Every structure is written in structure tokens, then in C-alpha cells.
file entry-v9.cif (mmCIF, C-alpha atoms)
data_input
loop_
_atom_site.group_PDB
_atom_site.id
_atom_site.type_symbol
_atom_site.label_atom_id
_atom_site.label_comp_id
_atom_site.auth_asym_id
_atom_site.auth_seq_id
_atom_site.Cartn_x
_atom_site.Cartn_y
_atom_site.Cartn_z
ATOM 1 C CA MET A 1010 87.373 238.847 74.964
ATOM 2 C CA ALA A 1011 85.037 238.313 72.014
ATOM 3 C CA ASP A 1012 82.261 240.738 71.135
ATOM 4 C CA SER A 1013 78.833 239.757 72.375
ATOM 5 C CA ILE A 1014 75.867 241.577 70.878
ATOM 6 C CA GLU A 1015 72.343 241.239 72.234
ATOM 7 C CA PHE A 1016 69.294 242.915 70.719
ATOM 8 C CA ASP A 1017 66.561 242.211 73.285
ATOM 9 C CA PRO A 1018 64.235 242.731 71.549
ATOM 10 C CA VAL A 1019 64.985 243.613 67.948
ATOM 11 C CA ASP A 1020 62.944 246.382 66.361
ATOM 12 C CA TRP A 1021 63.317 244.688 62.975
ATOM 13 C CA ILE A 1022 65.104 241.660 61.491
ATOM 14 C CA THR A 1023 65.403 240.195 58.016
ATOM 15 C CA ALA A 1024 67.279 237.735 55.833
ATOM 16 C CA GLY A 1025 68.185 238.848 52.327
ATOM 17 C CA SER A 1026 70.775 238.848 49.583
ATOM 18 C CA VAL A 1027 72.788 241.257 47.480
ATOM 19 C CA GLY A 1028 74.184 240.568 44.025
ATOM 20 C CA PRO A 1029 73.231 238.898 40.765
ATOM 21 C CA PRO A 1030 72.072 235.264 40.563
ATOM 22 C CA GLY A 1031 74.967 232.882 41.094
ATOM 23 C CA GLN A 1032 76.993 235.578 42.864
ATOM 24 C CA ARG A 1033 74.677 236.565 45.687
ATOM 25 C CA THR A 1034 75.845 237.184 49.227
ATOM 26 C CA PHE A 1035 73.288 236.426 51.929
ATOM 27 C CA TYR A 1036 72.845 238.375 55.149
ATOM 28 C CA ILE A 1037 70.917 238.458 58.386
ATOM 29 C CA GLN A 1038 70.319 242.090 59.313
ATOM 30 C CA ALA A 1039 68.763 243.389 62.529
ATOM 31 C CA ARG A 1040 68.028 246.777 64.038
ATOM 32 C CA ARG A 1041 67.459 247.937 67.589
ATOM 33 C CA GLY A 1042 67.069 251.671 67.986
ATOM 34 C CA ASP A 1043 69.922 253.319 66.084
ATOM 35 C CA GLU A 1044 72.004 250.120 66.044
ATOM 36 C CA LEU A 1045 72.027 248.186 62.765
ATOM 37 C CA MET A 1046 73.934 244.920 62.534
ATOM 38 C CA ALA A 1047 74.470 242.621 59.571
ATOM 39 C CA LEU A 1048 76.004 239.158 59.476
ATOM 40 C CA VAL A 1049 77.190 237.362 56.344
ATOM 41 C CA VAL A 1050 75.570 233.937 56.121
ATOM 42 C CA GLU A 1051 75.424 231.134 53.593
ATOM 43 C CA LYS A 1052 72.354 230.530 51.453
ATOM 44 C CA SER A 1053 72.064 227.102 53.093
ATOM 45 C CA GLN A 1054 71.944 228.780 56.528
ATOM 46 C CA VAL A 1055 69.023 230.945 55.395
ATOM 47 C CA ILE A 1056 67.247 227.857 54.047
ATOM 48 C CA LEU A 1057 67.706 226.037 57.369
ATOM 49 C CA LEU A 1058 66.691 229.135 59.359
ATOM 50 C CA VAL A 1059 63.446 229.339 57.374
ATOM 51 C CA GLN A 1060 62.772 225.615 57.886
ATOM 52 C CA VAL A 1061 63.403 225.742 61.642
ATOM 53 C CA ALA A 1062 61.312 228.918 61.969
ATOM 54 C CA GLN A 1063 58.412 227.229 60.171
ATOM 55 C CA GLU A 1064 58.710 224.142 62.402
ATOM 56 C CA LEU A 1065 58.778 226.203 65.600
ATOM 57 C CA LEU A 1066 55.889 228.388 64.439
ATOM 58 C CA ALA A 1067 53.871 225.281 63.550
ATOM 59 C CA ARG A 1068 54.303 224.089 67.154
ATOM 60 C CA ALA A 1069 52.823 227.421 68.223
ATOM 61 C CA GLY A 1070 49.892 226.917 65.823
ATOM 62 C CA VAL A 1071 51.103 229.432 63.202
ATOM 63 C CA ALA A 1072 51.718 228.744 59.528
ATOM 64 C CA VAL A 1073 53.879 230.981 57.326
ATOM 65 C CA THR A 1074 52.127 231.692 54.006
ATOM 66 C CA PRO A 1075 52.974 233.814 50.937
ATOM 67 C CA ASP A 1076 50.523 236.399 52.329
ATOM 68 C CA ASP A 1077 52.997 236.994 55.181
ATOM 69 C CA LEU A 1078 55.612 238.400 52.786
ATOM 70 C CA GLU A 1079 56.078 242.142 53.233
ATOM 71 C CA GLU A 1080 58.878 242.480 50.690
ATOM 72 C CA SER A 1081 59.216 246.266 50.762
ATOM 73 C CA SER A 1082 59.499 246.511 54.563
ATOM 74 C CA GLN A 1083 61.810 243.487 54.856
ATOM 75 C CA ARG A 1084 64.468 244.541 52.308
ATOM 76 C CA LEU A 1085 68.050 244.829 53.502
ATOM 77 C CA VAL A 1086 69.052 248.354 54.492
ATOM 78 C CA GLU A 1087 71.780 249.565 52.115
ATOM 79 C CA PRO A 1088 74.675 249.822 52.336
ATOM 80 C CA VAL A 1089 75.005 246.452 54.036
ATOM 81 C CA ALA A 1090 78.054 246.529 56.322
ATOM 82 C CA PRO A 1091 78.556 243.075 57.833
ATOM 83 C CA SER A 1092 80.192 242.793 61.245
ATOM 84 C CA TRP A 1093 81.374 239.230 60.631
ATOM 85 C CA ARG A 1094 80.538 235.904 58.954
ATOM 86 C CA ALA A 1095 78.301 233.578 60.941
ATOM 87 C CA GLY A 1096 79.545 230.049 61.511
ATOM 88 C CA SER A 1097 76.872 228.400 63.604
ATOM 89 C CA MET A 1098 73.328 229.634 64.116
ATOM 90 C CA SER A 1099 70.412 228.374 66.167
ATOM 91 C CA LEU A 1100 66.809 229.430 66.613
ATOM 92 C CA GLY A 1101 64.713 228.719 69.679
ATOM 93 C CA MET A 1102 61.422 229.765 71.230
ATOM 94 C CA ASP A 1103 59.899 230.021 74.684
ATOM 95 C CA ASP A 1104 57.286 227.551 75.927
ATOM 96 C CA ASP A 1105 54.402 229.800 74.854
ATOM 97 C CA GLY A 1106 55.707 230.362 71.319
ATOM 98 C CA GLU A 1107 55.670 234.126 71.885
ATOM 99 C CA ARG A 1108 59.392 234.955 72.051
ATOM 100 C CA PHE A 1109 62.107 233.598 69.802
ATOM 101 C CA VAL A 1110 65.872 233.957 69.859
ATOM 102 C CA LEU A 1111 68.315 233.665 66.985
ATOM 103 C CA GLU A 1112 71.851 232.986 68.171
ATOM 104 C CA ALA A 1113 74.833 233.301 65.846
ATOM 105 C CA GLU A 1114 78.512 232.646 66.424
ATOM 106 C CA GLU A 1115 81.309 234.064 64.308
ATOM 107 C CA LEU A 1116 83.131 231.747 61.917
ATOM 108 C CA ILE A 1117 86.816 231.848 62.807
ATOM 109 C CA ALA A 1118 89.845 230.247 61.199
ATOM 110 C CA ASP A 1119 91.239 227.076 62.781
ATOM 111 C CA ASP A 1120 94.493 228.829 63.659
ATOM 112 C CA GLU A 1121 92.780 231.833 65.280
ATOM 113 C CA THR A 1122 93.095 231.950 69.062
ATOM 114 C CA ASP A 1123 90.514 234.646 69.824
ATOM 115 C CA ALA A 1124 87.078 233.534 70.954
ATOM 116 C CA PRO A 1125 84.384 234.005 68.301
ATOM 117 C CA ALA A 1126 81.982 236.939 68.492
ATOM 118 C CA GLU A 1127 78.379 236.116 69.351
ATOM 119 C CA ALA A 1128 75.038 237.747 68.626
ATOM 120 C CA ARG A 1129 71.573 237.141 70.060
ATOM 121 C CA PHE A 1130 68.465 238.564 68.436
ATOM 122 C CA TRP A 1131 65.242 238.305 70.467
ATOM 123 C CA MET A 1132 62.071 238.448 68.360
ATOM 124 C CA SER A 1133 58.314 238.357 68.645
ATOM 125 C CA ARG A 1134 56.267 235.710 66.895
ATOM 126 C CA GLN A 1135 55.262 238.173 64.156
ATOM 127 C CA GLN A 1136 58.908 239.143 63.561
ATOM 128 C CA VAL A 1137 59.820 235.475 63.090
ATOM 129 C CA VAL A 1138 56.941 235.064 60.629
ATOM 130 C CA ALA A 1139 58.240 238.066 58.649
ATOM 131 C CA LEU A 1140 61.832 236.765 58.823
ATOM 132 C CA ALA A 1141 60.801 233.317 57.570
ATOM 133 C CA ALA A 1142 58.622 234.709 54.776
ATOM 134 C CA HIS A 1143 61.299 237.094 53.529
ATOM 135 C CA GLY A 1144 64.099 234.538 53.966
ATOM 136 C CA ALA A 1145 62.212 232.104 51.734
ATOM 137 C CA PHE A 1146 61.599 234.891 49.210
ATOM 138 C CA ALA A 1147 65.299 235.885 49.229
ATOM 139 C CA VAL A 1148 66.409 232.313 48.533
ATOM 140 C CA GLU A 1149 63.972 231.880 45.629
ATOM 141 C CA HIS A 1150 64.089 235.413 44.217
ATOM 142 C CA GLY A 1151 67.125 235.822 42.016
ATOM 143 C CA ALA A 1152 67.917 232.137 41.968
ATOM 144 C CA ARG A 1153 69.443 230.969 38.709
ATOM 145 C CA GLU A 1154 67.253 229.146 36.241
ATOM 146 C CA THR A 1155 67.766 225.383 36.389
ATOM 147 C CA CYS A 1156 67.974 222.876 33.560
ATOM 148 C CA HIS A 1157 64.716 220.941 33.205
ATOM 149 C CA LEU A 1158 66.664 217.754 32.418
ATOM 150 C CA CYS A 1159 69.390 217.615 35.082
ATOM 151 C CA SER A 1160 68.284 220.326 37.577
ATOM 152 C CA ARG A 1161 71.725 221.980 37.544
ATOM 153 C CA PRO A 1162 71.793 225.794 37.490
ATOM 154 C CA ILE A 1163 72.182 227.531 34.149
ATOM 155 C CA ASP A 1164 74.768 230.299 34.122
ATOM 156 C CA PRO A 1165 73.174 233.309 32.372
ATOM 157 C CA GLU A 1166 76.485 234.240 30.720
ATOM 158 C CA ALA A 1167 78.279 230.926 30.152
ATOM 159 C CA GLY A 1168 75.239 228.765 29.452
ATOM 160 C CA HIS A 1169 75.045 225.129 30.441
ATOM 161 C CA VAL A 1170 76.457 221.826 29.265
ATOM 162 C CA CYS A 1171 73.906 219.229 30.294
ATOM 163 C CA PRO A 1172 75.179 215.768 31.233
ATOM 164 C CA ALA A 1173 71.728 214.386 30.410
ATOM 165 C CA LEU A 1174 72.391 215.274 26.771
ATOM 166 C CA ASN A 1175 75.914 213.819 26.889
ATOM 167 C CA GLY A 1176 77.299 217.332 26.514
ATOM 168 C CA HIS A 1177 80.975 218.168 26.425
ATOM 169 C CA GLY A 1178 82.888 220.744 28.451
ATOM 170 C CA PRO A 1179 82.820 221.863 32.089
ATOM 171 C CA LEU A 1180 79.624 221.494 34.064
ATOM 172 C CA THR A 1181 78.156 224.542 35.774
ATOM 173 C CA VAL A 1182 77.976 224.337 39.514
#
call {"tool": "encode", "arguments": {"input": "entry-v9.cif", "output": "C-alpha cells"}}
result
Amino acid sequence: MADSIEFDPVDWITAGSVGPPGQRTFYIQARRGDELMALVVEKSQVILLVQVAQELLARAGVAVTPDDLEESSQRLVEPVAPSWRAGSMSLGMDDDGERFVLEAEELIADDETDAPAEARFWMSRQQVVALAAHGAFAVEHGARETCHLCSRPIDPEAGHVCPALNGHGPLTV
């Protein structure tokens, strides 16, 4: 039987990253009492989580602004020890826009027969605001500089060969 974790409610939750630009690993980390859980996620999952959180909060009449960022209190707790990598994630809210739930399911290999682990993190409206604000900050903070001509990222060590200038050599990803 797969692990099923439920923090109802969380005491704290955040989205953040570890590592230098271009090599960052993103995480969702939550705490309830003495329990601390981290999940590895993709940058694109954090971006979508922030977007969905903002949409749901807007329905509840709340807007996430830069003033909502509490960077020092929303940092990942080191050392980050992930339980597993998230495959699918979803975010929902109750009819009143007071309680939110983030559901994540473990990413498993196609040939794996075990059921994926699952986690549910129940949050207040203010916790979702903090999660969205810090998730947006984590995506933007530490992002690689982009070329002003082609918008591709510039590798701080290898540089950049810009196709807009008919450059030669491998393109940075």
C-alpha cells in the first residue's frame, strides 16, 4: 500500500529552490508539529501552482501582491530531505475561500507496480497567499539572465550563442 500523508492543517508551507541558477531544484515543503515533509517538484509545477493559487484567491476577493512576500519566514528549512518527486499536483478551495488543499501524487516509473504515494496539505487563505508570493519569488529569484535579443537563458559560465546574431556553436537551453 502506498504512503498517504495528510497535514490537516499545515502549520507552515512554502515553495522554494536550492542551487545555482540553471541548476536549481524546486521543492514544496510543509510542516505540521514536528513533522517536516518536502517534495521535489519541477519549476513549471511551481509556476502553475502560483497561477492557480492566484486564480482561486481572486475568486475569494484576495489579490497576491509583492507586499505579501515574507521571504525570511518562507525560506526552505535546511537540510531539505525530499520524500519523493511529485508527478501530479492540484490545488482546490472550499466554497467560502477559507480553506485550501494541495494534493500531490508521487511520480513513478512506468514499469513500477506499487501505487504512488500521496500527500494532502490543508491550508488557510493566508497560508496560500504566502505560498503563492514565495513561490513566485523562488521562480524569479536566481533565474538566469536572458538574452535581450532571443530571450534564451545565458549560461553564466559558458556564455551564449545567440541565433538572432547568426552565431555559431551549441545553443544554451
call {"tool": "residues_around", "arguments": {"input": "entry-v9.cif", "residues": "range 1102-1116 of chain A", "least_positions_apart": "3", "cutoff": "6 Å", "atoms": "only C-alpha atoms", "output": "list in words"}}
result
Ala1069, Arg1094, Ala1095, Gly1096, Ser1097, Met1098, Ser1099, Pro1125, Ala1126, Glu1127, Ala1128, Arg1129, Phe1130, Trp1131, Met1132, Ser1133 and Arg1134 of chain A
call {"tool": "write_last_selection", "arguments": {"input": "entry-v9.cif", "atoms": "C-alpha atoms", "output": "PDB file, in the coordinates of the input"}}
result
ATOM      1  CA  ALA A1069      52.823 227.421  68.223  1.00  0.00           C
ATOM      2  CA  ARG A1094      80.538 235.904  58.954  1.00  0.00           C
ATOM      3  CA  ALA A1095      78.301 233.578  60.941  1.00  0.00           C
ATOM      4  CA  GLY A1096      79.545 230.049  61.511  1.00  0.00           C
ATOM      5  CA  SER A1097      76.872 228.400  63.604  1.00  0.00           C
ATOM      6  CA  MET A1098      73.328 229.634  64.116  1.00  0.00           C
ATOM      7  CA  SER A1099      70.412 228.374  66.167  1.00  0.00           C
ATOM      8  CA  PRO A1125      84.384 234.005  68.301  1.00  0.00           C
ATOM      9  CA  ALA A1126      81.982 236.939  68.492  1.00  0.00           C
ATOM     10  CA  GLU A1127      78.379 236.116  69.351  1.00  0.00           C
ATOM     11  CA  ALA A1128      75.038 237.747  68.626  1.00  0.00           C
ATOM     12  CA  ARG A1129      71.573 237.141  70.060  1.00  0.00           C
ATOM     13  CA  PHE A1130      68.465 238.564  68.436  1.00  0.00           C
ATOM     14  CA  TRP A1131      65.242 238.305  70.467  1.00  0.00           C
ATOM     15  CA  MET A1132      62.071 238.448  68.360  1.00  0.00           C
ATOM     16  CA  SER A1133      58.314 238.357  68.645  1.00  0.00           C
ATOM     17  CA  ARG A1134      56.267 235.710  66.895  1.00  0.00           C
TER      18      ARG A1134
END
call {"tool": "closest_residue", "arguments": {"input": "entry-v9.cif", "among": "A:Gly1042, A:Gly1025, A:Gly1101, A:Pro1030", "to": "Ser1081 in chain A", "atoms": "only C-alpha atoms"}}
result
A:Gly1025
call {"tool": "atom_distance", "arguments": {"input": "entry-v9.cif", "atom1": "CA of Ala1090 in chain A", "atom2": "CA of Val1027 in chain A"}}
result
11.6 Å
call {"tool": "residues_around", "arguments": {"input": "entry-v9.cif", "residues": "Gly1144 in chain A", "least_positions_apart": "5", "cutoff": "7 Å", "atoms": "only C-alpha atoms", "output": "list in words"}}
result
Ala1024, Gly1025, Val1055 and Val1059 of chain A
call {"tool": "closest_residue", "arguments": {"input": "entry-v9.cif", "among": "A:Ala1139, A:Val1061, A:Leu1048, A:Trp1021", "to": "Thr1034 in chain A", "atoms": "all atoms listed in the file"}}
result
A:Leu1048
call {"tool": "closest_residue", "arguments": {"input": "entry-v9.cif", "among": "A:Gln1038, A:Gln1136, A:Gln1063, A:Gln1032", "to": "Arg1084 in chain A", "atoms": "only C-alpha atoms"}}
result
A:Gln1038
